[in-house]
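The file entry.tsv comes next; it holds TSV, C-alpha atoms.
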```tsv
chain	number	residue	atom	x	y	z
Z	1	MET	CA	-148.31	53.57	-11.61
Z	2	ALA	CA	-150.05	55.17	-14.55
Z	3	ASN	CA	-148.19	55.72	-17.78
Z	4	ALA	CA	-147.14	59.37	-17.77
Z	5	CYS	CA	-145.64	59.13	-21.30
Z	6	GLU	CA	-143.56	62.22	-20.76
Z	7	LEU	CA	-141.78	63.82	-17.84
Z	8	LEU	CA	-140.80	67.42	-17.35
Z	9	LYS	CA	-137.05	67.68	-17.80
Z	10	ALA	CA	-136.31	71.34	-17.29
Z	11	GLY	CA	-137.84	74.50	-15.93
Z	12	TYR	CA	-138.62	77.58	-17.94
Z	13	SER	CA	-138.19	81.29	-17.34
Z	14	THR	CA	-139.51	83.95	-19.62
Z	15	PRO	CA	-136.61	86.06	-20.91
Z	16	CYS	CA	-136.21	89.66	-19.78
Z	17	GLN	CA	-136.84	90.78	-23.32
Z	18	ILE	CA	-139.67	89.02	-25.13
Z	19	GLU	CA	-138.75	88.69	-28.78
Z	20	ASP	CA	-141.45	86.74	-30.59
Z	21	LYS	CA	-144.22	89.29	-30.46
Z	22	SER	CA	-145.69	89.66	-33.93
Z	23	TRP	CA	-146.07	88.12	-37.35
Z	24	ILE	CA	-144.72	89.33	-40.66
Z	25	GLN	CA	-147.90	90.10	-42.58
Z	26	LYS	CA	-147.48	87.32	-45.10
Z	27	ALA	CA	-148.98	83.85	-44.99
Z	28	VAL	CA	-147.85	81.13	-47.35
Z	29	ILE	CA	-150.78	78.85	-48.10
Z	30	ILE	CA	-149.92	75.40	-49.43
Z	31	ASN	CA	-152.30	72.83	-50.85
Z	32	LYS	CA	-152.00	69.91	-48.45
Z	33	ASP	CA	-152.08	67.60	-51.43
Z	34	ASP	CA	-149.03	69.31	-52.96
Z	35	ILE	CA	-146.79	68.24	-50.09
Z	36	ASP	CA	-144.59	65.36	-51.16
Z	37	THR	CA	-142.55	64.54	-48.06
Z	38	ILE	CA	-142.67	65.61	-44.44
Z	39	THR	CA	-139.65	65.10	-42.19
Z	40	TYR	CA	-139.97	65.52	-38.45
Z	41	THR	CA	-136.75	66.33	-36.63
Z	42	VAL	CA	-137.09	65.25	-33.04
Z	43	VAL	CA	-134.74	67.32	-30.93
Z	44	ASP	CA	-135.72	65.69	-27.64
Z	45	THR	CA	-138.71	63.30	-27.63
Z	46	ILE	CA	-141.56	65.79	-28.09
Z	47	ASN	CA	-139.42	68.82	-29.01
Z	48	THR	CA	-139.98	68.58	-32.74
Z	49	LYS	CA	-139.23	70.62	-35.84
Z	50	VAL	CA	-140.57	69.94	-39.29
Z	51	ASN	CA	-139.34	70.07	-42.83
Z	52	PHE	CA	-141.43	69.42	-45.89
Z	53	GLU	CA	-140.90	69.31	-49.61
Z	54	LEU	CA	-143.51	70.02	-52.23
Z	55	LYS	CA	-144.10	67.88	-55.28
Z	56	ALA	CA	-142.19	68.82	-58.42
Z	57	THR	CA	-143.21	72.20	-59.89
Z	58	LYS	CA	-145.64	72.86	-57.04
Z	59	THR	CA	-145.52	76.02	-54.97
Z	60	GLY	CA	-147.18	77.74	-52.05
Z	61	TYR	CA	-149.16	80.95	-52.48
Z	62	ALA	CA	-148.65	84.17	-50.59
Z	63	VAL	CA	-151.41	86.14	-48.92
Z	64	THR	CA	-150.15	89.50	-47.74
Z	65	THR	CA	-151.34	92.78	-46.34
Z	66	ILE	CA	-149.65	95.97	-45.21
Z	67	GLU	CA	-147.10	95.57	-42.43
Z	68	ALA	CA	-148.96	98.09	-40.28
Z	69	SER	CA	-151.65	95.46	-39.92
Z	70	SER	CA	-151.58	92.66	-37.39
Z	71	ILE	CA	-154.46	90.66	-38.81
Z	72	ILE	CA	-152.42	87.86	-40.37
Z	73	LYS	CA	-151.56	85.64	-37.46
Z	74	GLY	CA	-151.49	82.09	-36.24
Z	75	TYR	CA	-152.66	80.74	-32.90
Z	76	ALA	CA	-153.50	77.41	-31.36
Z	77	THR	CA	-155.86	76.24	-28.66
Z	78	LYS	CA	-155.29	73.11	-26.62
Z	79	SER	CA	-158.08	70.84	-25.45
Z	80	ARG	CA	-158.53	67.15	-24.73
Z	81	GLY	CA	-160.33	64.63	-26.83
Z	82	ASP	CA	-162.90	62.23	-25.38
Z	83	ASN	CA	-160.11	59.78	-24.66
Z	84	GLY	CA	-158.17	62.32	-22.62
Z	85	TYR	CA	-155.40	62.84	-25.13
Z	86	PRO	CA	-154.34	66.45	-25.74
Z	87	GLN	CA	-155.27	67.92	-29.08
Z	88	TYR	CA	-154.41	71.23	-30.65
Z	89	LEU	CA	-156.69	73.31	-32.83
Z	90	HIS	CA	-154.53	75.30	-35.24
Z	91	ASN	CA	-155.89	78.61	-36.52
Z	92	VAL	CA	-154.62	81.12	-39.07
Z	93	ASP	CA	-156.31	84.42	-39.79
Z	94	ILE	CA	-155.89	86.11	-43.14
Z	95	ILE	CA	-157.37	89.31	-44.44
Z	96	VAL	CA	-158.99	89.83	-47.84
Z	97	SER	CA	-160.97	92.56	-49.52
Z	98	GLY	CA	-163.47	93.04	-52.30
Z	99	VAL	CA	-166.46	91.21	-53.69
Z	100	ASP	CA	-165.47	90.71	-57.30
Z	101	ASN	CA	-164.92	87.50	-59.20
Z	102	VAL	CA	-161.20	87.44	-58.42
Z	103	ILE	CA	-161.63	87.36	-54.66
Z	104	ASN	CA	-164.64	85.08	-54.98
Z	105	GLU	CA	-162.62	82.53	-56.90
Z	106	PHE	CA	-159.84	82.71	-54.32
Z	107	LEU	CA	-162.27	82.26	-51.43
Z	108	GLN	CA	-164.22	79.45	-53.01
Z	109	ARG	CA	-161.00	77.55	-53.64
Z	110	ILE	CA	-160.08	78.16	-50.01
Z	111	ASP	CA	-163.51	76.93	-48.95
Z	112	LEU	CA	-163.23	73.72	-50.95
Z	113	GLY	CA	-159.62	72.77	-50.22
Z	114	LEU	CA	-157.38	71.50	-47.45
Z	115	TYR	CA	-154.34	73.59	-46.64
Z	116	VAL	CA	-151.15	73.97	-44.64
Z	117	VAL	CA	-150.08	77.50	-43.77
Z	118	ALA	CA	-146.61	78.83	-42.94
Z	119	LEU	CA	-146.12	82.10	-41.08
Z	120	ARG	CA	-143.00	84.07	-40.20
Z	121	THR	CA	-142.45	85.69	-36.82
Z	122	ASN	CA	-140.78	89.05	-36.36
Z	123	THR	CA	-137.68	87.10	-35.30
Z	124	ASN	CA	-137.67	85.11	-38.55
Z	125	LYS	CA	-138.90	81.82	-37.20
Z	126	ILE	CA	-141.10	79.98	-39.65
Z	127	ILE	CA	-144.07	78.32	-37.95
Z	128	VAL	CA	-146.21	75.75	-39.74
Z	129	TYR	CA	-149.91	75.30	-39.03
Z	130	GLY	CA	-151.91	72.23	-39.97
Z	131	ILE	CA	-149.04	70.06	-41.18
Z	132	GLY	CA	-150.62	66.92	-39.74
Z	133	SER	CA	-154.26	67.08	-40.83
Z	134	GLY	CA	-154.58	70.31	-42.78
Z	135	LEU	CA	-156.70	73.42	-42.30
Z	136	VAL	CA	-160.08	74.38	-43.72
Z	137	SER	CA	-161.90	77.69	-43.76
Z	138	THR	CA	-164.34	78.46	-40.97
Z	139	ASP	CA	-167.59	80.35	-41.44
Z	140	TYR	CA	-167.10	83.98	-42.41
Z	141	THR	CA	-169.14	86.89	-43.62
Z	142	GLN	CA	-168.20	88.61	-46.83
Z	143	ASP	CA	-168.96	92.16	-45.76
Z	144	ILE	CA	-167.01	95.07	-47.17
Z	145	VAL	CA	-168.90	97.70	-45.17
Z	146	GLU	CA	-168.11	96.72	-41.58
Z	147	GLY	CA	-164.38	96.31	-41.97
Z	148	GLY	CA	-163.59	99.30	-44.14
Z	149	GLY	CA	-163.56	97.14	-47.23
Z	150	THR	CA	-161.74	94.21	-45.71
Z	151	TYR	CA	-162.83	91.09	-43.89
Z	152	ILE	CA	-161.10	88.30	-42.05
Z	153	VAL	CA	-161.08	84.66	-43.08
Z	154	THR	CA	-159.94	82.03	-40.63
Z	155	LEU	CA	-158.48	78.67	-41.57
Z	156	ASN	CA	-158.41	76.10	-38.81
Z	157	SER	CA	-158.14	72.42	-38.00
Z	158	LYS	CA	-161.24	70.36	-38.44
Z	159	GLU	CA	-162.89	69.71	-35.08
Z	160	SER	CA	-162.72	65.98	-35.72
Z	161	SER	CA	-159.06	65.84	-36.76
Z	162	GLN	CA	-157.10	68.27	-34.69
Z	163	GLU	CA	-153.32	68.26	-34.56
Z	164	GLY	CA	-151.26	66.16	-32.19
Z	165	ASN	CA	-148.74	68.95	-31.74
Z	166	LEU	CA	-148.66	72.66	-31.23
Z	167	PRO	CA	-147.69	74.40	-34.50
Z	168	LEU	CA	-144.24	73.22	-35.49
Z	169	GLN	CA	-141.18	75.30	-36.27
Z	170	TYR	CA	-139.94	74.80	-39.81
Z	171	VAL	CA	-136.34	73.80	-40.38
Z	172	SER	CA	-134.82	74.00	-43.84
Z	173	ALA	CA	-133.04	71.11	-45.50
Z	174	THR	CA	-130.19	73.61	-45.87
Z	175	PRO	CA	-129.56	74.87	-42.34
Z	176	GLY	CA	-130.18	78.60	-42.05
Z	177	ASN	CA	-132.31	78.79	-45.20
Z	178	GLU	CA	-135.67	78.87	-43.43
Z	179	VAL	CA	-136.52	82.43	-44.43
Z	180	ILE	CA	-135.41	82.00	-48.02
Z	181	ASP	CA	-137.54	78.85	-48.29
Z	182	PHE	CA	-140.50	80.83	-46.96
Z	183	GLU	CA	-139.86	83.75	-49.29
Z	184	ALA	CA	-139.53	81.32	-52.20
Z	185	LEU	CA	-142.98	80.02	-51.18
Z	186	PHE	CA	-141.40	76.56	-50.71
Z	187	GLU	CA	-141.56	76.14	-54.46
Z	188	ASN	CA	-140.13	72.95	-55.86
Z	189	PRO	CA	-138.51	73.96	-59.15
Z	190	GLY	CA	-138.72	70.40	-60.34
Z	191	PRO	CA	-138.43	68.35	-62.41
Q	192	MET	CA	-108.70	83.15	-26.30
Q	193	SER	CA	-108.19	81.40	-29.59
Q	194	SER	CA	-109.90	82.44	-32.80
Q	195	ASP	CA	-111.17	78.84	-33.20
Q	196	ASN	CA	-112.76	78.97	-29.78
Q	197	LEU	CA	-114.50	82.25	-30.61
Q	198	ASN	CA	-115.72	81.02	-33.98
Q	199	HIS	CA	-117.00	77.84	-32.42
Q	200	ILE	CA	-119.05	79.68	-29.79
Q	201	LEU	CA	-120.41	82.15	-32.35
Q	202	SER	CA	-121.50	79.30	-34.59
Q	203	LEU	CA	-123.70	77.79	-31.87
Q	204	SER	CA	-127.38	78.48	-31.33
Q	205	LYS	CA	-128.82	80.12	-28.27
Q	206	ASN	CA	-130.03	76.82	-26.84
Q	207	GLU	CA	-126.72	75.10	-27.50
Q	208	ILE	CA	-125.01	77.72	-25.38
Q	209	ILE	CA	-127.53	78.36	-22.62
Q	210	TYR	CA	-128.41	74.75	-21.94
Q	211	ASN	CA	-124.86	73.42	-22.11
Q	212	ALA	CA	-122.87	74.27	-19.01
Q	213	GLU	CA	-119.51	73.96	-20.75
Q	214	ASN	CA	-120.51	76.17	-23.67
Q	215	LEU	CA	-122.11	78.71	-21.35
Q	216	LYS	CA	-118.91	78.90	-19.33
Q	217	ARG	CA	-116.86	79.43	-22.48
Q	218	TYR	CA	-119.31	82.04	-23.76
Q	219	LYS	CA	-119.09	84.00	-20.51
Q	220	LYS	CA	-115.32	83.85	-20.58
Q	221	ILE	CA	-115.15	85.08	-24.18
Q	222	TYR	CA	-117.68	87.82	-23.45
Q	223	ALA	CA	-115.59	88.96	-20.48
Q	224	SER	CA	-112.46	89.08	-22.61
Q	225	PHE	CA	-114.21	91.54	-24.94
Q	226	PHE	CA	-116.17	93.65	-22.50
Q	227	GLY	CA	-114.21	93.35	-19.26
Q	228	HIS	CA	-117.08	91.71	-17.39
Q	229	GLU	CA	-119.30	88.68	-17.73
Q	230	PRO	CA	-122.78	89.16	-19.21
Q	231	ASN	CA	-125.34	90.25	-16.67
Q	232	CYS	CA	-127.85	87.38	-16.53
Q	233	ALA	CA	-126.61	85.54	-19.64
Q	234	PRO	CA	-129.86	83.71	-20.46
Q	235	CYS	CA	-132.06	86.79	-19.98
Q	236	ASN	CA	-130.24	89.15	-22.33
Q	237	PHE	CA	-128.64	86.51	-24.47
Q	238	ASN	CA	-129.69	87.69	-27.93
Q	239	TYR	CA	-128.64	91.28	-27.35
Q	240	ASP	CA	-125.35	90.34	-25.69
Q	241	PHE	CA	-124.57	87.71	-28.30
Q	242	GLN	CA	-125.11	90.21	-31.11
Q	243	GLN	CA	-122.91	92.73	-29.34
Q	244	LEU	CA	-120.22	90.09	-29.06
Q	245	LYS	CA	-120.53	89.26	-32.75
Q	246	ASN	CA	-120.32	92.93	-33.71
Q	247	ARG	CA	-117.26	93.49	-31.57
Q	248	ALA	CA	-115.54	90.40	-32.95
Q	249	THR	CA	-116.35	91.44	-36.50
Q	250	LYS	CA	-114.85	94.87	-35.93
Q	251	ARG	CA	-111.67	93.25	-34.73
Q	252	ASN	CA	-111.66	90.95	-37.77
Q	253	LEU	CA	-111.70	87.91	-35.55
Q	254	ILE	CA	-114.55	86.16	-37.31
Q	255	GLU	CA	-114.00	84.11	-40.39
Q	256	VAL	CA	-116.31	85.82	-42.80
Q	257	LYS	CA	-117.54	83.39	-45.38
Q	258	LYS	CA	-117.10	84.96	-48.75
Q	259	THR	CA	-119.14	83.87	-51.66
Q	260	GLU	CA	-117.33	84.61	-54.80
Q	261	MET	CA	-118.36	84.34	-58.37
Q	262	LYS	CA	-115.49	84.30	-60.76
Q	263	LYS	CA	-116.94	82.36	-63.57
Q	264	TYR	CA	-120.22	84.27	-63.76
Q	265	THR	CA	-121.46	87.80	-63.14
Q	266	LEU	CA	-125.08	88.24	-62.14
Q	267	LYS	CA	-126.83	90.85	-64.19
Q	268	LYS	CA	-127.95	93.89	-62.22
Q	269	GLY	CA	-131.38	93.95	-60.66
Q	270	ASN	CA	-131.32	90.27	-59.69
Q	271	GLU	CA	-129.53	90.56	-56.34
Q	272	ASN	CA	-132.70	89.98	-54.33
Q	273	LYS	CA	-134.16	87.38	-56.66
Q	274	ILE	CA	-134.34	83.87	-55.22
Q	275	PHE	CA	-132.61	81.27	-57.37
Q	276	SER	CA	-133.46	77.63	-56.88
Q	277	PHE	CA	-132.86	74.26	-58.39
Q	278	ARG	CA	-133.56	70.69	-57.54
Q	279	ASN	CA	-131.06	67.91	-58.11
Q	280	GLU	CA	-130.81	64.38	-56.75
Q	281	GLU	CA	-129.65	65.79	-53.38
Q	282	GLY	CA	-132.68	68.01	-52.85
Q	283	ILE	CA	-133.84	71.59	-53.33
Q	284	PHE	CA	-131.30	74.39	-53.05
Q	285	ARG	CA	-132.10	78.09	-52.85
Q	286	SER	CA	-130.05	81.24	-52.71
Q	287	TYR	CA	-130.51	84.96	-53.06
Q	288	GLY	CA	-128.78	86.45	-56.08
Q	289	LYS	CA	-126.41	88.41	-53.88
Q	290	ALA	CA	-125.18	85.21	-52.22
Q	291	LEU	CA	-124.59	83.06	-55.30
Q	292	ASN	CA	-121.37	81.22	-56.00
Q	293	ASP	CA	-120.07	79.52	-59.12
Q	294	ASP	CA	-121.04	76.01	-58.04
Q	295	PHE	CA	-124.59	77.08	-57.35
Q	296	VAL	CA	-124.88	78.80	-60.73
Q	297	ASP	CA	-123.46	75.75	-62.51
Q	298	ASN	CA	-126.20	73.63	-60.93
Q	299	PHE	CA	-128.86	76.27	-61.46
Q	300	LEU	CA	-128.11	76.39	-65.16
Q	301	VAL	CA	-128.48	72.62	-65.42
Q	302	TYR	CA	-131.28	71.87	-62.95
Q	303	GLY	CA	-133.18	75.16	-62.60
Q	304	SER	CA	-136.75	75.46	-63.74
Q	305	GLY	CA	-137.99	77.19	-66.86
Q	306	ARG	CA	-136.24	77.66	-70.16
Q	307	GLU	CA	-132.50	77.24	-70.11
Q	308	GLU	CA	-132.04	80.26	-72.33
Q	309	GLU	CA	-133.85	82.48	-69.78
Q	310	ARG	CA	-131.68	81.12	-66.99
Q	311	ARG	CA	-128.50	81.78	-68.93
Q	312	ASN	CA	-129.67	85.29	-69.72
Q	313	LEU	CA	-129.41	86.17	-66.04
Q	314	PHE	CA	-125.64	85.85	-66.08
Q	315	ILE	CA	-122.63	87.07	-67.95
Q	316	VAL	CA	-120.08	84.32	-68.42
Q	317	ASN	CA	-116.61	85.55	-67.53
Q	318	GLU	CA	-114.69	82.64	-68.99
Q	319	VAL	CA	-111.90	83.69	-71.29
Q	320	GLU	CA	-112.84	82.64	-74.73
Q	321	GLU	CA	-110.49	80.28	-76.42
Q	322	GLU	CA	-108.43	81.91	-79.02
Q	323	VAL	CA	-109.69	81.09	-82.42
Q	324	LYS	CA	-106.93	80.01	-84.59
Q	325	VAL	CA	-107.38	81.49	-87.93
Q	326	LYS	CA	-105.82	79.49	-90.60
Q	327	VAL	CA	-104.05	81.70	-92.96
Q	328	LYS	CA	-103.56	80.28	-96.32
Q	329	LYS	CA	-100.09	80.84	-97.45
Q	330	SER	CA	-99.87	81.98	-100.95
Q	331	LYS	CA	-97.74	79.81	-103.04
Q	332	LYS	CA	-94.80	81.37	-104.59
Q	333	ILE	CA	-94.79	80.84	-108.22
Q	334	ASN	CA	-91.50	80.39	-109.73
Q	335	ASN	CA	-91.46	81.53	-113.18
Q	336	GLY	CA	-87.82	81.04	-113.44
```
Output the file's structure as structure tokens, nothing else.
Amino acid sequence: MANACELLKAGYSTPCQIEDKSWIQKAVIINKDDIDTITYTVVDTINTKVNFELKATKTGYAVTTIEASSIIKGYATKSRGDNGYPQYLHNVDIIVSGVDNVINEFLQRIDLGLYVVALRTNTNKIIVYGIGSGLVSTDYTQDIVEGGGTYIVTLNSKESSQEGNLPLQYVSATPGNEVIDFEALFENPGP
Amino acid sequence: MSSDNLNHILSLSKNEIIYNAENLKRYKKIYASFFGHEPNCAPCNFNYDFQQLKNRATKRNLIEVKKTEMKKYTLKKGNENKIFSFRNEEGIFRSYGKALNDDFVDNFLVYGSGREEERRNLFIVNEVEEEVKVKVKKSKKINNG
């Protein structure tokens, strides 16, 4: 018999009231290199949560837009690699505006770096994208005319190093402090 | 229904209740004791029902409300929504200003980031100052006689 690796252990029913339906319009972008430790909490074999700690004095950076927007969002697409193993392409969309040197500096840093992004659902779950291999920016067009002055930039997994998991839910080292960690941009006050 | 039993159930997560037959049974029983009937499709409407149960229990003062008190320090106004954090050998700790307690502030003042003077400036210390004993020099009586 072939090795199934995992077996289904329970069924699933969608709840009568769907709760996770939108994202708070704030993304916390973290330099992948600033992450010091990553701790995976395995609830039941592949049911995993993640905690991470930044290096001393390092912090994440917030990208926000108005709450009426729904542009800032995360999503993942599953496919299979050549060897048949499942792989997950993590994507995060952010919205920016302008063409001046300030936004250009921000974008060029984004274009040259490797990042992990945390997002917050409307039910206050913190979901982490790219924790395994990081995210890079995809091709975009800096065009302030088409989008009313704004344009969308997508960060996603590199095609060659996609994630082994769907985006993971963040769990704080202090239980219940997930949102405060997110709002504090996961800053490590050091030393 | 004991208060301990209620507090225990209310401290559990959704999954810990729904996917544990014993906890689910206890949850339904407690819910029925408050509302006169068991929840209609407990897993489907869990969040709403659970919140209703919490609200009802709070109104009846049956939940142990954790109070965070600051006796030693008073946070200066305008900092209630500020996030305070420090890192010690046990890890990183964070708290909103409105939820601070004395222990946290003690650690924050020692391990927090930035200049210590700025950190101290966020608080008023309520400690009673030690009485300063003023030495009064007694004038010597001069006996001329």
Selected residue, from Z:Asp34, Z:Asp100, Z:Asp143, Z:Glu163, that lies nearest to Arg80 in chain Z when counting only C-alpha atoms:
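Closest candidate: Z:Glu163.
Taking CA of Val96 in chain Z as the reference point, CA of Thr65 in chain Z is found at 8.3 Å.
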For Gly134 in chain Z, find every residue with an atom within 6 Å (counting all atoms listed in the file), except residues of its own chain fewer than 4 positions away, and show them as a ChimeraX atom specification.
/Z:114-116,130
Could the residues of chain Z within 6 Å of chain Q, counting all atoms listed in the file, be given as a list of chain:residue names, please?
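Here is what falls inside 6 Å: Z:Pro15, Z:Cys16, Z:Pro189, Z:Gly190.
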Cut-off 12 Å around (-163.7, 75.9, -50.8) with all atoms listed in the file: residues as a short mmCIF file (atom, residue, chain, number, x, y, z; two decimals) with C-alpha atoms, in the frame of the given file:
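The resulting part_5.cif:
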```cif
data_model
loop_
_atom_site.label_atom_id
_atom_site.label_comp_id
_atom_site.auth_asym_id
_atom_site.auth_seq_id
_atom_site.Cartn_x
_atom_site.Cartn_y
_atom_site.Cartn_z
CA ASN Z 31 -152.30 72.83 -50.85
CA ASN Z 104 -164.64 85.08 -54.98
CA GLU Z 105 -162.62 82.53 -56.90
CA PHE Z 106 -159.84 82.71 -54.32
CA LEU Z 107 -162.27 82.26 -51.43
CA GLN Z 108 -164.22 79.45 -53.01
CA ARG Z 109 -161.00 77.55 -53.64
CA ILE Z 110 -160.08 78.16 -50.01
CA ASP Z 111 -163.51 76.93 -48.95
CA LEU Z 112 -163.23 73.72 -50.95
CA GLY Z 113 -159.62 72.77 -50.22
CA LEU Z 114 -157.38 71.50 -47.45
CA TYR Z 115 -154.34 73.59 -46.64
CA LEU Z 135 -156.70 73.42 -42.30
CA VAL Z 136 -160.08 74.38 -43.72
CA SER Z 137 -161.90 77.69 -43.76
CA THR Z 138 -164.34 78.46 -40.97
CA ASP Z 139 -167.59 80.35 -41.44
CA VAL Z 153 -161.08 84.66 -43.08
CA LEU Z 155 -158.48 78.67 -41.57
#
```
Residue nearest Phe225 in chain Q - candidates Q:Arg251, Q:Glu213, Q:Ile200, Q:Arg306, atoms counted: only C-alpha atoms:
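Answer, going by the shortest atom-to-atom distance: Q:Arg251.
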Which one is closest to Lys262 in chain Q: Q:Thr249, Q:Asn298, Q:Asn317, Q:Asn211? Count only C-alpha atoms.
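The shortest atom-to-atom distance to Lys262 in chain Q comes from Q:Asn317.
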Leaving out Lys219 in chain Q and any residue of its chain fewer than 6 positions from it, which residues lie within 8 Å of it when counting only C-alpha atoms, given as JSON, numbers by chain?
{"Q": [229, 230, 233]}
Spatial neighbours of Ala173 in chain Z, max dist 12 Å, all atoms listed in the file, sep filter under 3 positions, as a ChimeraX atom specification
/Z:37-41,49-53,170,176-181,186 /Q:281-285
Tell me, as JSON, numbers by chain, which residues lie within 7 Å of range 22-28 of chain Z, counting only C-alpha atoms; anything in the same chain fewer than 3 positions away does not count.
{"Z": [60, 61, 62, 63, 64, 65, 66, 67, 70, 72, 73, 117, 118, 119, 120, 121, 122, 185]}
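In this comparison, which uses all atoms listed in the file, the residue of Z:Val128, Z:Ala56, Z:Ile103, Z:Ile18 approaching Leu168 in chain Z most closely is Z:Val128.
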What separation in Å, quoted to one decimal, exists between CA of His228 in chain Q and CA of Asn246 in chain Q?
16.7 Å
For Glu159 in chain Z, please output as a ChimeraX atom specification all residues within 10 Å (counting all atoms listed in the file; exclusion window: fewer than 4 positions along the same chain).
/Z:87-89,163
N, CA and C atoms for range 226-243 of chain Q, written as a CSV table (one decimal), keeping the file's coordinate frame, could you do that?
```
chain,number,residue,atom,x,y,z
Q,226,PHE,N,-115.5,92.5,-23.2
Q,226,PHE,CA,-116.2,93.6,-22.5
Q,226,PHE,C,-115.7,93.9,-21.1
Q,227,GLY,N,-114.8,93.1,-20.6
Q,227,GLY,CA,-114.2,93.4,-19.3
Q,227,GLY,C,-115.1,92.8,-18.1
Q,228,HIS,N,-116.2,92.3,-18.4
Q,228,HIS,CA,-117.1,91.7,-17.4
Q,228,HIS,C,-118.0,90.6,-18.0
Q,229,GLU,N,-118.4,89.7,-17.2
Q,229,GLU,CA,-119.3,88.7,-17.7
Q,229,GLU,C,-120.7,89.2,-18.0
Q,230,PRO,N,-121.4,88.6,-18.9
Q,230,PRO,CA,-122.8,89.2,-19.2
Q,230,PRO,C,-123.7,89.1,-18.0
Q,231,ASN,N,-124.4,90.2,-17.8
Q,231,ASN,CA,-125.3,90.2,-16.7
Q,231,ASN,C,-126.6,89.4,-17.0
Q,232,CYS,N,-126.7,88.3,-16.3
Q,232,CYS,CA,-127.8,87.4,-16.5
Q,232,CYS,C,-127.8,86.9,-18.0
Q,233,ALA,N,-126.9,86.0,-18.3
Q,233,ALA,CA,-126.6,85.5,-19.6
Q,233,ALA,C,-127.9,85.0,-20.4
Q,234,PRO,N,-128.7,84.2,-19.7
Q,234,PRO,CA,-129.9,83.7,-20.5
Q,234,PRO,C,-130.9,84.8,-20.7
Q,235,CYS,N,-131.0,85.8,-19.8
Q,235,CYS,CA,-132.1,86.8,-20.0
Q,235,CYS,C,-131.8,87.7,-21.2
Q,236,ASN,N,-130.6,88.2,-21.3
Q,236,ASN,CA,-130.2,89.2,-22.3
Q,236,ASN,C,-129.4,88.5,-23.4
Q,237,PHE,N,-129.6,87.2,-23.6
Q,237,PHE,CA,-128.6,86.5,-24.5
Q,237,PHE,C,-128.6,87.1,-25.9
Q,238,ASN,N,-129.7,87.3,-26.5
Q,238,ASN,CA,-129.7,87.7,-27.9
Q,238,ASN,C,-129.0,89.0,-28.1
Q,239,TYR,N,-129.3,90.0,-27.2
Q,239,TYR,CA,-128.6,91.3,-27.4
Q,239,TYR,C,-127.1,91.2,-27.1
Q,240,ASP,N,-126.8,90.5,-26.0
Q,240,ASP,CA,-125.4,90.3,-25.7
Q,240,ASP,C,-124.6,89.6,-26.8
Q,241,PHE,N,-125.2,88.6,-27.3
Q,241,PHE,CA,-124.6,87.7,-28.3
Q,241,PHE,C,-124.3,88.5,-29.6
Q,242,GLN,N,-125.3,89.4,-29.9
Q,242,GLN,CA,-125.1,90.2,-31.1
Q,242,GLN,C,-124.0,91.2,-30.9
Q,243,GLN,N,-124.0,91.8,-29.7
Q,243,GLN,CA,-122.9,92.7,-29.3
Q,243,GLN,C,-121.5,92.1,-29.5
```
